[in-house]
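S.K.: Structure supplied as my_file-v8.tsv; contents: TSV, C-alpha atoms and all ligand atoms.
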chain	number	residue	atom	x	y	z
A	1	MET	CA	102.63	101.85	88.04
A	2	GLN	CA	101.80	98.16	88.18
A	3	LEU	CA	98.69	97.07	90.02
A	4	THR	CA	97.23	93.55	90.15
A	5	ASP	CA	93.61	92.43	90.17
A	6	THR	CA	93.94	89.26	92.25
A	7	HIS	CA	90.27	88.30	91.91
A	8	CYS	CA	87.95	88.83	88.95
A	9	HIS	CA	85.41	86.87	86.91
A	10	ILE	CA	85.78	88.55	83.49
A	11	HIS	CA	86.13	85.12	81.79
A	12	SER	CA	82.65	84.00	82.88
A	13	THR	CA	79.81	83.51	80.39
A	14	ASP	CA	77.62	86.01	82.21
A	15	TYR	CA	80.23	88.81	82.19
A	16	LYS	CA	78.56	91.50	80.12
A	17	LEU	CA	81.57	93.47	78.85
A	18	ASN	CA	84.12	92.49	76.21
A	19	PRO	CA	86.88	90.96	78.33
A	20	ASP	CA	89.67	91.94	75.94
A	21	GLU	CA	88.58	95.57	76.14
A	22	VAL	CA	88.49	95.21	79.92
A	23	ILE	CA	92.07	93.88	79.91
A	24	GLN	CA	93.18	96.79	77.69
A	25	ALA	CA	91.46	99.40	79.85
A	26	ALA	CA	93.01	97.80	82.91
A	27	ALA	CA	96.50	98.03	81.41
A	28	ALA	CA	95.90	101.70	80.57
A	29	ALA	CA	95.06	102.28	84.25
A	30	GLY	CA	98.22	100.45	85.36
A	31	VAL	CA	96.48	97.16	86.21
A	32	THR	CA	98.78	94.80	84.38
A	33	ARG	CA	98.10	91.42	86.00
A	34	LEU	CA	94.70	89.74	86.45
A	35	ILE	CA	93.67	86.53	88.16
A	36	CYS	CA	90.50	84.94	86.74
A	37	VAL	CA	88.80	82.97	89.48
A	38	GLY	CA	86.56	79.97	88.80
A	39	THR	CA	83.40	79.33	90.82
A	40	ASP	CA	82.35	75.86	89.64
A	41	VAL	CA	83.72	73.11	87.38
A	42	GLU	CA	82.48	74.59	84.09
A	43	ASP	CA	83.48	78.12	85.06
A	44	SER	CA	86.94	76.90	86.10
A	45	GLN	CA	87.33	75.19	82.71
A	46	LEU	CA	86.45	78.52	81.09
A	47	ALA	CA	89.00	80.35	83.25
A	48	VAL	CA	91.71	77.85	82.28
A	49	ALA	CA	90.96	78.26	78.57
A	50	PHE	CA	90.63	82.04	78.84
A	51	VAL	CA	94.09	82.69	80.29
A	52	GLN	CA	96.10	80.52	77.90
A	53	GLN	CA	96.34	83.13	75.13
A	54	ARG	CA	96.28	86.23	77.33
A	55	ASP	CA	99.64	87.31	78.75
A	56	ALA	CA	98.16	89.50	81.51
A	57	CYS	CA	95.95	86.73	82.92
A	58	TRP	CA	96.32	83.71	85.19
A	59	ALA	CA	93.62	81.38	86.50
A	60	SER	CA	92.47	79.92	89.79
A	61	ILE	CA	90.16	76.91	89.75
A	62	GLY	CA	87.49	76.66	92.39
A	63	ILE	CA	84.10	75.51	93.56
A	64	HIS	CA	82.35	78.31	95.41
A	65	PRO	CA	80.63	77.25	98.64
A	66	HIS	CA	77.28	78.23	97.09
A	67	GLU	CA	77.80	75.47	94.48
A	68	ALA	CA	78.96	72.75	96.90
A	69	LYS	CA	75.73	70.74	96.93
A	70	ARG	CA	75.93	70.23	93.14
A	71	TYR	CA	79.22	68.35	93.46
A	72	VAL	CA	79.07	66.29	96.65
A	73	GLY	CA	79.20	62.68	95.47
A	74	ASP	CA	79.76	63.62	91.81
A	75	THR	CA	83.13	61.92	91.47
A	76	ALA	CA	83.20	62.32	87.68
A	77	ALA	CA	82.88	66.10	87.89
A	78	LEU	CA	85.36	66.30	90.76
A	79	GLU	CA	87.88	64.27	88.76
A	80	ILE	CA	87.57	66.63	85.83
A	81	PHE	CA	88.04	69.52	88.24
A	82	ALA	CA	91.12	67.95	89.84
A	83	GLY	CA	92.65	67.43	86.40
A	84	LEU	CA	92.52	71.18	85.76
A	85	ALA	CA	95.09	71.76	88.50
A	86	GLU	CA	97.76	70.34	86.15
A	87	LYS	CA	97.14	72.92	83.44
A	88	HIS	CA	99.47	75.73	82.45
A	89	LYS	CA	98.94	79.11	84.24
A	90	ILE	CA	96.86	77.63	87.07
A	91	ILE	CA	98.25	79.46	90.05
A	92	ALA	CA	95.73	78.76	92.84
A	93	ILE	CA	92.75	76.76	94.06
A	94	GLY	CA	89.57	78.74	94.81
A	95	GLU	CA	87.39	80.43	95.39
A	96	ALA	CA	86.86	77.85	98.09
A	97	GLY	CA	85.42	78.28	101.53
A	98	LEU	CA	82.28	78.56	103.61
A	99	ASP	CA	79.40	81.00	103.24
A	100	TYR	CA	76.85	80.85	106.06
A	101	HIS	CA	75.33	84.20	105.13
A	102	TYR	CA	73.34	82.77	102.24
A	103	ASN	CA	73.65	79.03	102.97
A	104	HIS	CA	72.87	78.17	99.33
A	105	SER	CA	74.40	74.79	100.13
A	106	PRO	CA	74.08	72.96	103.48
A	107	LYS	CA	77.01	73.54	105.85
A	108	LYS	CA	78.14	69.92	105.80
A	109	GLU	CA	78.37	69.88	102.01
A	110	GLN	CA	80.22	73.21	101.95
A	111	GLN	CA	82.75	71.72	104.37
A	112	GLN	CA	83.19	68.57	102.28
A	113	ILE	CA	83.88	70.53	99.11
A	114	LEU	CA	86.24	72.86	100.97
A	115	ARG	CA	88.23	69.87	102.23
A	116	PHE	CA	88.36	68.37	98.74
A	117	GLN	CA	89.90	71.60	97.46
A	118	LEU	CA	92.33	71.87	100.37
A	119	GLU	CA	93.57	68.38	99.57
A	120	LEU	CA	93.96	69.29	95.92
A	121	ALA	CA	95.91	72.42	96.88
A	122	ARG	CA	98.18	70.34	99.11
A	123	ARG	CA	98.80	67.77	96.38
A	124	HIS	CA	99.82	70.46	93.89
A	125	ASN	CA	101.41	72.80	96.41
A	126	LEU	CA	99.15	75.66	95.32
A	127	PRO	CA	97.91	78.60	97.40
A	128	VAL	CA	94.17	78.94	98.06
A	129	ILE	CA	91.80	81.84	97.41
A	130	PHE	CA	89.28	81.69	100.24
A	131	HIS	CA	85.71	82.95	100.32
A	132	VAL	CA	84.58	82.91	103.95
A	133	ARG	CA	81.47	84.71	105.12
A	134	GLU	CA	80.02	84.51	108.64
A	135	ALA	CA	81.67	81.12	109.03
A	136	PHE	CA	85.08	81.65	110.63
A	137	GLY	CA	84.15	79.52	113.67
A	138	ASP	CA	83.95	76.43	111.45
A	139	PHE	CA	86.57	77.61	108.96
A	140	TRP	CA	89.64	77.86	111.20
A	141	PRO	CA	89.67	74.25	112.49
A	142	ILE	CA	89.40	72.96	108.91
A	143	TYR	CA	92.02	75.42	107.65
A	144	ASP	CA	94.38	74.40	110.45
A	145	GLU	CA	94.38	70.79	109.30
A	146	TYR	CA	95.98	71.87	106.02
A	147	ARG	CA	97.44	75.36	106.54
A	148	PRO	CA	98.08	76.29	102.90
A	149	ASN	CA	99.30	79.72	101.84
A	150	GLY	CA	96.50	81.85	100.58
A	151	VAL	CA	94.28	84.89	100.74
A	152	LEU	CA	90.99	85.70	102.43
A	153	HIS	CA	89.34	87.37	99.47
A	154	SER	CA	86.82	90.23	99.82
A	155	PHE	CA	87.71	90.52	103.47
A	156	THR	CA	85.25	92.55	105.58
A	157	ALA	CA	85.49	90.83	108.96
A	158	SER	CA	86.60	92.34	112.26
A	159	THR	CA	90.09	93.29	113.36
A	160	ALA	CA	89.94	90.25	115.69
A	161	VAL	CA	89.42	87.91	112.72
A	162	LEU	CA	92.17	89.80	110.89
A	163	GLU	CA	94.54	88.90	113.72
A	164	GLU	CA	93.60	85.21	113.41
A	165	ALA	CA	94.39	85.38	109.69
A	166	LEU	CA	97.72	87.16	110.17
A	167	LYS	CA	98.78	84.66	112.84
A	168	ARG	CA	98.47	82.02	110.13
A	169	GLY	CA	100.39	84.08	107.56
A	170	LEU	CA	97.37	84.57	105.29
A	171	TYR	CA	97.04	87.50	102.89
A	172	ILE	CA	94.02	89.82	102.96
A	173	GLY	CA	92.19	90.78	99.75
A	174	LEU	CA	90.45	94.16	99.79
A	175	ASN	CA	88.17	95.47	97.06
A	176	GLY	CA	85.63	98.17	96.17
A	177	ILE	CA	83.59	97.50	99.32
A	178	MET	CA	86.06	99.69	101.18
A	179	THR	CA	85.13	102.71	99.04
A	180	PHE	CA	81.43	102.55	99.88
A	181	THR	CA	81.14	100.82	103.24
A	182	LYS	CA	79.37	102.77	105.94
A	183	GLU	CA	80.90	100.59	108.64
A	184	TYR	CA	83.58	102.32	110.65
A	185	ASP	CA	84.94	98.96	111.86
A	186	GLN	CA	85.64	97.81	108.30
A	187	LEU	CA	87.69	100.91	107.60
A	188	GLU	CA	89.61	100.46	110.85
A	189	MET	CA	90.32	96.87	109.79
A	190	ALA	CA	91.48	98.07	106.34
A	191	LYS	CA	93.95	100.41	108.01
A	192	ALA	CA	95.26	97.60	110.22
A	193	VAL	CA	96.22	95.20	107.39
A	194	PRO	CA	100.03	95.17	107.19
A	195	LEU	CA	101.24	96.31	103.78
A	196	GLU	CA	103.22	93.07	103.33
A	197	LYS	CA	99.98	91.06	103.64
A	198	LEU	CA	97.68	93.22	101.50
A	199	LEU	CA	96.29	92.21	98.09
A	200	LEU	CA	93.96	94.25	95.87
A	201	GLU	CA	91.09	92.85	93.81
A	202	THR	CA	87.84	93.85	92.14
A	203	ASP	CA	85.63	90.72	92.22
A	204	ALA	CA	84.35	92.08	88.86
A	205	PRO	CA	81.53	92.11	87.79
A	206	TYR	CA	80.54	92.68	91.43
A	207	LEU	CA	81.39	95.33	94.02
A	208	THR	CA	82.09	98.29	91.73
A	209	PRO	CA	83.86	100.95	93.82
A	210	ALA	CA	82.49	104.43	94.43
A	211	PRO	CA	82.06	106.72	92.53
A	212	TYR	CA	81.26	104.18	89.77
A	213	ARG	CA	78.45	102.36	91.61
A	214	GLY	CA	75.73	101.23	89.21
A	215	THR	CA	78.16	100.28	86.41
A	216	ILE	CA	79.62	96.82	85.73
A	217	CYS	CA	82.84	96.39	87.67
A	218	GLU	CA	86.05	95.96	85.68
A	219	SER	CA	89.66	95.24	86.55
A	220	LYS	CA	90.76	98.85	85.96
A	221	HIS	CA	88.86	99.73	89.14
A	222	VAL	CA	91.63	98.18	91.22
A	223	ARG	CA	93.17	101.58	90.75
A	224	THR	CA	90.09	103.32	92.20
A	225	THR	CA	90.29	101.13	95.30
A	226	ALA	CA	94.06	101.63	95.51
A	227	GLU	CA	93.61	105.42	95.42
A	228	PHE	CA	90.99	105.22	98.14
A	229	LEU	CA	93.18	103.00	100.34
A	230	SER	CA	96.16	105.25	99.73
A	231	GLY	CA	94.22	108.13	101.30
A	232	LEU	CA	92.76	105.98	104.08
A	233	ARG	CA	96.05	104.37	105.07
A	234	GLY	CA	98.30	107.37	104.45
A	235	GLU	CA	100.54	105.56	101.95
A	236	SER	CA	101.53	106.74	98.49
A	237	LEU	CA	99.74	105.10	95.58
A	238	GLU	CA	103.12	104.01	94.22
A	239	ASP	CA	104.09	102.27	97.49
A	240	LEU	CA	100.72	100.55	97.60
A	241	ALA	CA	101.10	99.38	93.99
A	242	VAL	CA	104.67	98.12	94.43
A	243	SER	CA	103.88	96.25	97.65
A	244	THR	CA	100.53	94.72	96.68
A	245	THR	CA	101.80	93.59	93.28
A	246	GLY	CA	104.94	92.22	94.93
A	247	ASN	CA	102.74	90.28	97.35
A	248	ALA	CA	100.64	88.86	94.51
A	249	VAL	CA	103.72	87.86	92.51
A	250	ARG	CA	105.19	86.16	95.58
A	251	LEU	CA	102.03	84.35	96.69
A	252	PHE	CA	100.88	83.17	93.27
A	253	GLY	CA	104.19	82.97	91.43
A	254	LEU	CA	102.92	85.24	88.61
B	301	ZN	ZN	84.58	86.15	93.44
Please express what this file holds, its structure, as structure tokens.
Ligand SMILES: [Zn+2]
M.R.:
Amino acid sequence: MQLTDTHCHIHSTDYKLNPDEVIQAAAAAGVTRLICVGTDVEDSQLAVAFVQQRDACWASIGIHPHEAKRYVGDTAALEIFAGLAEKHKIIAIGEAGLDYHYNHSPKKEQQQILRFQLELARRHNLPVIFHVREAFGDFWPIYDEYRPNGVLHSFTASTAVLEEALKRGLYIGLNGIMTFTKEYDQLEMAKAVPLEKLLLETDAPYLTPAPYRGTICESKHVRTTAEFLSGLRGESLEDLAVSTTGNAVRLFGL
């Protein structure tokens, strides 16, 4: 069995577990490929360095919408960031997007930093890992100017938003939220994602799936979520693993 964690942060300075033990435990659970996702310039630099010597890992460089206000107008930092896209094993841009749930950065600045990353993705012909929360009304018009390949990570939106994403050929990233959500609509949405557009992820250290709530999330828990989705969607675990890993390999060129 070969599963893929398409979104984790085990390279980050504040990740509390030993990342090499996490990678080993993941492999033992059949999770053999991991994408380490950057959330700001420094964290993206860390992700780039982290994956160079680790065969199971690739990196995505990104500026999370929460961090946007730190970088608007900081051309020096943005140049350093753009330079990272040239590095070996960089397979995507993101997480990039809009988050109007927390609004840690003003909307206008989130949009500027999203556009900057969409242009970078276009220049390097890289897919994008999107973080979009309560902001699809503003997100789609910006997305449609660029239309890169990519994934809506940690997707929890409605089936109507799912249809908008599928119309554009985007992939859908599901994680541990599905194992503990109390929202019927989210489970209906999870059933409606076509297998050829589904990706699995953990978002470790966050969103630990049930029944491991209260512990630090690790990449091996992709398997927990896969088992849950296998039951929910009525597909064998093996089929889910083959398809979702195939999707990840295709989208990111792993
Ligand atoms: Zn994340």
S.K.: Excluding range 47-64 of chain A and residues on its chain fewer than 3 positions from it, collect all residues at most 7 Å away from it, counting only C-alpha atoms, and give them as a PDB file with C-alpha atoms, in the coordinates of the input.
M.R.:
ATOM      1  CA  HIS A  11      86.130  85.120  81.790  1.00  0.00           C
ATOM      2  CA  THR A  32      98.780  94.800  84.380  1.00  0.00           C
ATOM      3  CA  ARG A  33      98.100  91.420  86.000  1.00  0.00           C
ATOM      4  CA  LEU A  34      94.700  89.740  86.450  1.00  0.00           C
ATOM      5  CA  ILE A  35      93.670  86.530  88.160  1.00  0.00           C
ATOM      6  CA  CYS A  36      90.500  84.940  86.740  1.00  0.00           C
ATOM      7  CA  VAL A  37      88.800  82.970  89.480  1.00  0.00           C
ATOM      8  CA  GLY A  38      86.560  79.970  88.800  1.00  0.00           C
ATOM      9  CA  THR A  39      83.400  79.330  90.820  1.00  0.00           C
ATOM     10  CA  ASP A  40      82.350  75.860  89.640  1.00  0.00           C
ATOM     11  CA  VAL A  41      83.720  73.110  87.380  1.00  0.00           C
ATOM     12  CA  ASP A  43      83.480  78.120  85.060  1.00  0.00           C
ATOM     13  CA  SER A  44      86.940  76.900  86.100  1.00  0.00           C
ATOM     14  CA  GLU A  67      77.800  75.470  94.480  1.00  0.00           C
ATOM     15  CA  ALA A  68      78.960  72.750  96.900  1.00  0.00           C
ATOM     16  CA  LYS A  89      98.940  79.110  84.240  1.00  0.00           C
ATOM     17  CA  ILE A  90      96.860  77.630  87.070  1.00  0.00           C
ATOM     18  CA  ILE A  91      98.250  79.460  90.050  1.00  0.00           C
ATOM     19  CA  ALA A  92      95.730  78.760  92.840  1.00  0.00           C
ATOM     20  CA  ILE A  93      92.750  76.760  94.060  1.00  0.00           C
ATOM     21  CA  GLY A  94      89.570  78.740  94.810  1.00  0.00           C
ATOM     22  CA  GLU A  95      87.390  80.430  95.390  1.00  0.00           C
ATOM     23  CA  ALA A  96      86.860  77.850  98.090  1.00  0.00           C
ATOM     24  CA  GLY A  97      85.420  78.280 101.530  1.00  0.00           C
TER      25      GLY A  97
END
S.K.: Can you write out as a tab-separated table which residues of range 83-138 of chain A fall within 10 Å of range 156-175 of chain A, alongside each residue's closest atom pair and its distance in Å to one decimal, counting only C-alpha atoms and ordering rows by chain and ascending residue number?
M.R.:
residue	atom	partner	partner_atom	distance
A:Pro127	CA	A:Leu170	CA	9.9
A:Val128	CA	A:Leu170	CA	9.7
A:Ile129	CA	A:Gly173	CA	9.2
A:Phe130	CA	A:Gly173	CA	9.6
A:Val132	CA	A:Ala157	CA	9.4
A:Arg133	CA	A:Ala157	CA	8.3
A:Glu134	CA	A:Ala157	CA	8.4
A:Phe136	CA	A:Val161	CA	7.9
A:Gly137	CA	A:Val161	CA	10.0
S.K.: Place a sphere of radius 12 Å on (91.2, 100.9, 90.5) in the file coordinates and name every protein, DNA or RNA residue with an atom inside or on its surface, counting only C-alpha atoms; give the answer as a PyMOL selection string.
M.R.: chain A and resi 1-5+25-32+174-176+178-179+200-204+207-212+217-230+237+240-241
S.K.: How many Å separate CA of Glu109 in chain A from CA of Val72 in chain A?
M.R.: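 CA of Val72 in chain A lies at a distance of 6.5 Å from CA of Glu109 in chain A.
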S.K.: Considering all atoms listed in the file, can you say which of A:Tyr15, A:Phe180, A:Asn103, A:Thr6 comes closest to Tyr206 in chain A?
M.R.: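 Ranking A:Tyr15, A:Phe180, A:Asn103, A:Thr6 by distance to Tyr206 in chain A, first place goes to A:Tyr15.
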S.K.: Which of these residues is nearest to ligand ZN 301 (chain B), using all atoms listed in the file: A:Ala135, A:Leu152, A:Ala192, A:Leu120?
M.R.: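 Result for the nearest residue to ligand ZN 301 (chain B): A:Leu152.
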S.K.: For Leu199 in chain A, which of A:Ser105, A:Gln186, A:Ser243, A:Thr215 is the closest residue, counting only C-alpha atoms?
M.R.: A:Ser243
S.K.: Compare A:Tyr102, A:Phe139, A:Phe155, A:Phe81 by their minimum atom-to-atom distance to ligand ZN 301 (chain B), counting all atoms listed in the file, and give me the closest one.
M.R.: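 Ranked by minimum distance to ligand ZN 301 (chain B), first place goes to A:Phe155.
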S.K.: For range 184-215 of chain A, which lacks atoms in the input, supply N, CA and C atoms and format the output as a PDB file, in the frame of the given file.
M.R.:
ATOM      1  N   TYR A 184      82.329 101.797 110.102  1.00  0.00           N
ATOM      2  CA  TYR A 184      83.580 102.320 110.650  1.00  0.00           C
ATOM      3  C   TYR A 184      84.574 101.190 110.934  1.00  0.00           C
ATOM      4  N   ASP A 185      84.064 100.074 111.487  1.00  0.00           N
ATOM      5  CA  ASP A 185      84.940  98.960 111.860  1.00  0.00           C
ATOM      6  C   ASP A 185      85.670  98.373 110.654  1.00  0.00           C
ATOM      7  N   GLN A 186      84.989  98.349 109.500  1.00  0.00           N
ATOM      8  CA  GLN A 186      85.640  97.810 108.300  1.00  0.00           C
ATOM      9  C   GLN A 186      86.797  98.701 107.865  1.00  0.00           C
ATOM     10  N   LEU A 187      86.616  99.983 107.995  1.00  0.00           N
ATOM     11  CA  LEU A 187      87.690 100.910 107.600  1.00  0.00           C
ATOM     12  C   LEU A 187      88.861 100.811 108.585  1.00  0.00           C
ATOM     13  N   GLU A 188      88.538 100.644 109.860  1.00  0.00           N
ATOM     14  CA  GLU A 188      89.610 100.460 110.850  1.00  0.00           C
ATOM     15  C   GLU A 188      90.393  99.192 110.538  1.00  0.00           C
ATOM     16  N   MET A 189      89.669  98.126 110.162  1.00  0.00           N
ATOM     17  CA  MET A 189      90.320  96.870 109.790  1.00  0.00           C
ATOM     18  C   MET A 189      91.219  97.105 108.568  1.00  0.00           C
ATOM     19  N   ALA A 190      90.702  97.835 107.568  1.00  0.00           N
ATOM     20  CA  ALA A 190      91.480  98.070 106.340  1.00  0.00           C
ATOM     21  C   ALA A 190      92.771  98.835 106.631  1.00  0.00           C
ATOM     22  N   LYS A 191      92.740  99.675 107.622  1.00  0.00           N
ATOM     23  CA  LYS A 191      93.950 100.410 108.010  1.00  0.00           C
ATOM     24  C   LYS A 191      94.941  99.496 108.720  1.00  0.00           C
ATOM     25  N   ALA A 192      94.406  98.455 109.382  1.00  0.00           N
ATOM     26  CA  ALA A 192      95.260  97.600 110.220  1.00  0.00           C
ATOM     27  C   ALA A 192      95.945  96.477 109.430  1.00  0.00           C
ATOM     28  N   VAL A 193      95.571  96.280 108.160  1.00  0.00           N
ATOM     29  CA  VAL A 193      96.220  95.200 107.390  1.00  0.00           C
ATOM     30  C   VAL A 193      97.659  95.612 107.074  1.00  0.00           C
ATOM     31  N   PRO A 194      98.639  94.815 107.493  1.00  0.00           N
ATOM     32  CA  PRO A 194     100.030  95.170 107.190  1.00  0.00           C
ATOM     33  C   PRO A 194     100.257  95.191 105.672  1.00  0.00           C
ATOM     34  N   LEU A 195     101.024  96.161 105.221  1.00  0.00           N
ATOM     35  CA  LEU A 195     101.240  96.310 103.780  1.00  0.00           C
ATOM     36  C   LEU A 195     101.800  95.022 103.158  1.00  0.00           C
ATOM     37  N   GLU A 196     102.608  94.292 103.896  1.00  0.00           N
ATOM     38  CA  GLU A 196     103.220  93.070 103.330  1.00  0.00           C
ATOM     39  C   GLU A 196     102.233  91.912 103.260  1.00  0.00           C
ATOM     40  N   LYS A 197     100.995  92.112 103.738  1.00  0.00           N
ATOM     41  CA  LYS A 197      99.980  91.060 103.640  1.00  0.00           C
ATOM     42  C   LYS A 197      98.750  91.509 102.836  1.00  0.00           C
ATOM     43  N   LEU A 198      98.833  92.655 102.189  1.00  0.00           N
ATOM     44  CA  LEU A 198      97.680  93.220 101.500  1.00  0.00           C
ATOM     45  C   LEU A 198      97.671  92.866 100.012  1.00  0.00           C
ATOM     46  N   LEU A 199      96.508  92.426  99.530  1.00  0.00           N
ATOM     47  CA  LEU A 199      96.290  92.210  98.090  1.00  0.00           C
ATOM     48  C   LEU A 199      95.081  93.047  97.672  1.00  0.00           C
ATOM     49  N   LEU A 200      95.089  93.492  96.416  1.00  0.00           N
ATOM     50  CA  LEU A 200      93.960  94.250  95.870  1.00  0.00           C
ATOM     51  C   LEU A 200      93.231  93.399  94.844  1.00  0.00           C
ATOM     52  N   GLU A 201      91.929  93.641  94.715  1.00  0.00           N
ATOM     53  CA  GLU A 201      91.090  92.850  93.810  1.00  0.00           C
ATOM     54  C   GLU A 201      89.864  93.672  93.464  1.00  0.00           C
ATOM     55  N   THR A 202      89.123  93.201  92.446  1.00  0.00           N
ATOM     56  CA  THR A 202      87.840  93.850  92.140  1.00  0.00           C
ATOM     57  C   THR A 202      86.646  92.956  92.462  1.00  0.00           C
ATOM     58  N   ASP A 203      86.777  91.637  92.239  1.00  0.00           N
ATOM     59  CA  ASP A 203      85.630  90.720  92.220  1.00  0.00           C
ATOM     60  C   ASP A 203      84.666  91.088  91.085  1.00  0.00           C
ATOM     61  N   ALA A 204      85.179  91.727  90.018  1.00  0.00           N
ATOM     62  CA  ALA A 204      84.350  92.080  88.860  1.00  0.00           C
ATOM     63  C   ALA A 204      83.648  90.830  88.359  1.00  0.00           C
ATOM     64  N   PRO A 205      82.366  90.909  88.039  1.00  0.00           N
ATOM     65  CA  PRO A 205      81.530  92.110  87.790  1.00  0.00           C
ATOM     66  C   PRO A 205      80.895  92.719  89.036  1.00  0.00           C
ATOM     67  N   TYR A 206      81.211  92.208  90.220  1.00  0.00           N
ATOM     68  CA  TYR A 206      80.540  92.680  91.430  1.00  0.00           C
ATOM     69  C   TYR A 206      81.325  93.815  92.087  1.00  0.00           C
ATOM     70  N   LEU A 207      80.705  94.454  93.065  1.00  0.00           N
ATOM     71  CA  LEU A 207      81.390  95.330  94.020  1.00  0.00           C
ATOM     72  C   LEU A 207      82.126  96.506  93.373  1.00  0.00           C
ATOM     73  N   THR A 208      81.525  97.105  92.376  1.00  0.00           N
ATOM     74  CA  THR A 208      82.090  98.290  91.730  1.00  0.00           C
ATOM     75  C   THR A 208      82.355  99.374  92.780  1.00  0.00           C
ATOM     76  N   PRO A 209      83.569  99.921  92.802  1.00  0.00           N
ATOM     77  CA  PRO A 209      83.860 100.950  93.820  1.00  0.00           C
ATOM     78  C   PRO A 209      83.146 102.274  93.529  1.00  0.00           C
ATOM     79  N   ALA A 210      82.956 103.048  94.585  1.00  0.00           N
ATOM     80  CA  ALA A 210      82.490 104.430  94.430  1.00  0.00           C
ATOM     81  C   ALA A 210      83.627 105.209  93.749  1.00  0.00           C
ATOM     82  N   PRO A 211      83.378 106.161  92.890  1.00  0.00           N
ATOM     83  CA  PRO A 211      82.060 106.720  92.530  1.00  0.00           C
ATOM     84  C   PRO A 211      81.452 106.083  91.283  1.00  0.00           C
ATOM     85  N   TYR A 212      81.766 104.833  90.996  1.00  0.00           N
ATOM     86  CA  TYR A 212      81.260 104.180  89.770  1.00  0.00           C
ATOM     87  C   TYR A 212      80.145 103.185  90.062  1.00  0.00           C
ATOM     88  N   ARG A 213      79.557 103.243  91.250  1.00  0.00           N
ATOM     89  CA  ARG A 213      78.450 102.360  91.610  1.00  0.00           C
ATOM     90  C   ARG A 213      77.370 102.410  90.536  1.00  0.00           C
ATOM     91  N   GLY A 214      76.776 101.253  90.223  1.00  0.00           N
ATOM     92  CA  GLY A 214      75.730 101.230  89.210  1.00  0.00           C
ATOM     93  C   GLY A 214      76.256 100.837  87.834  1.00  0.00           C
ATOM     94  N   THR A 215      77.588 100.778  87.659  1.00  0.00           N
ATOM     95  CA  THR A 215      78.160 100.280  86.410  1.00  0.00           C
ATOM     96  C   THR A 215      78.759  98.892  86.675  1.00  0.00           C
TER      97      THR A 215
END
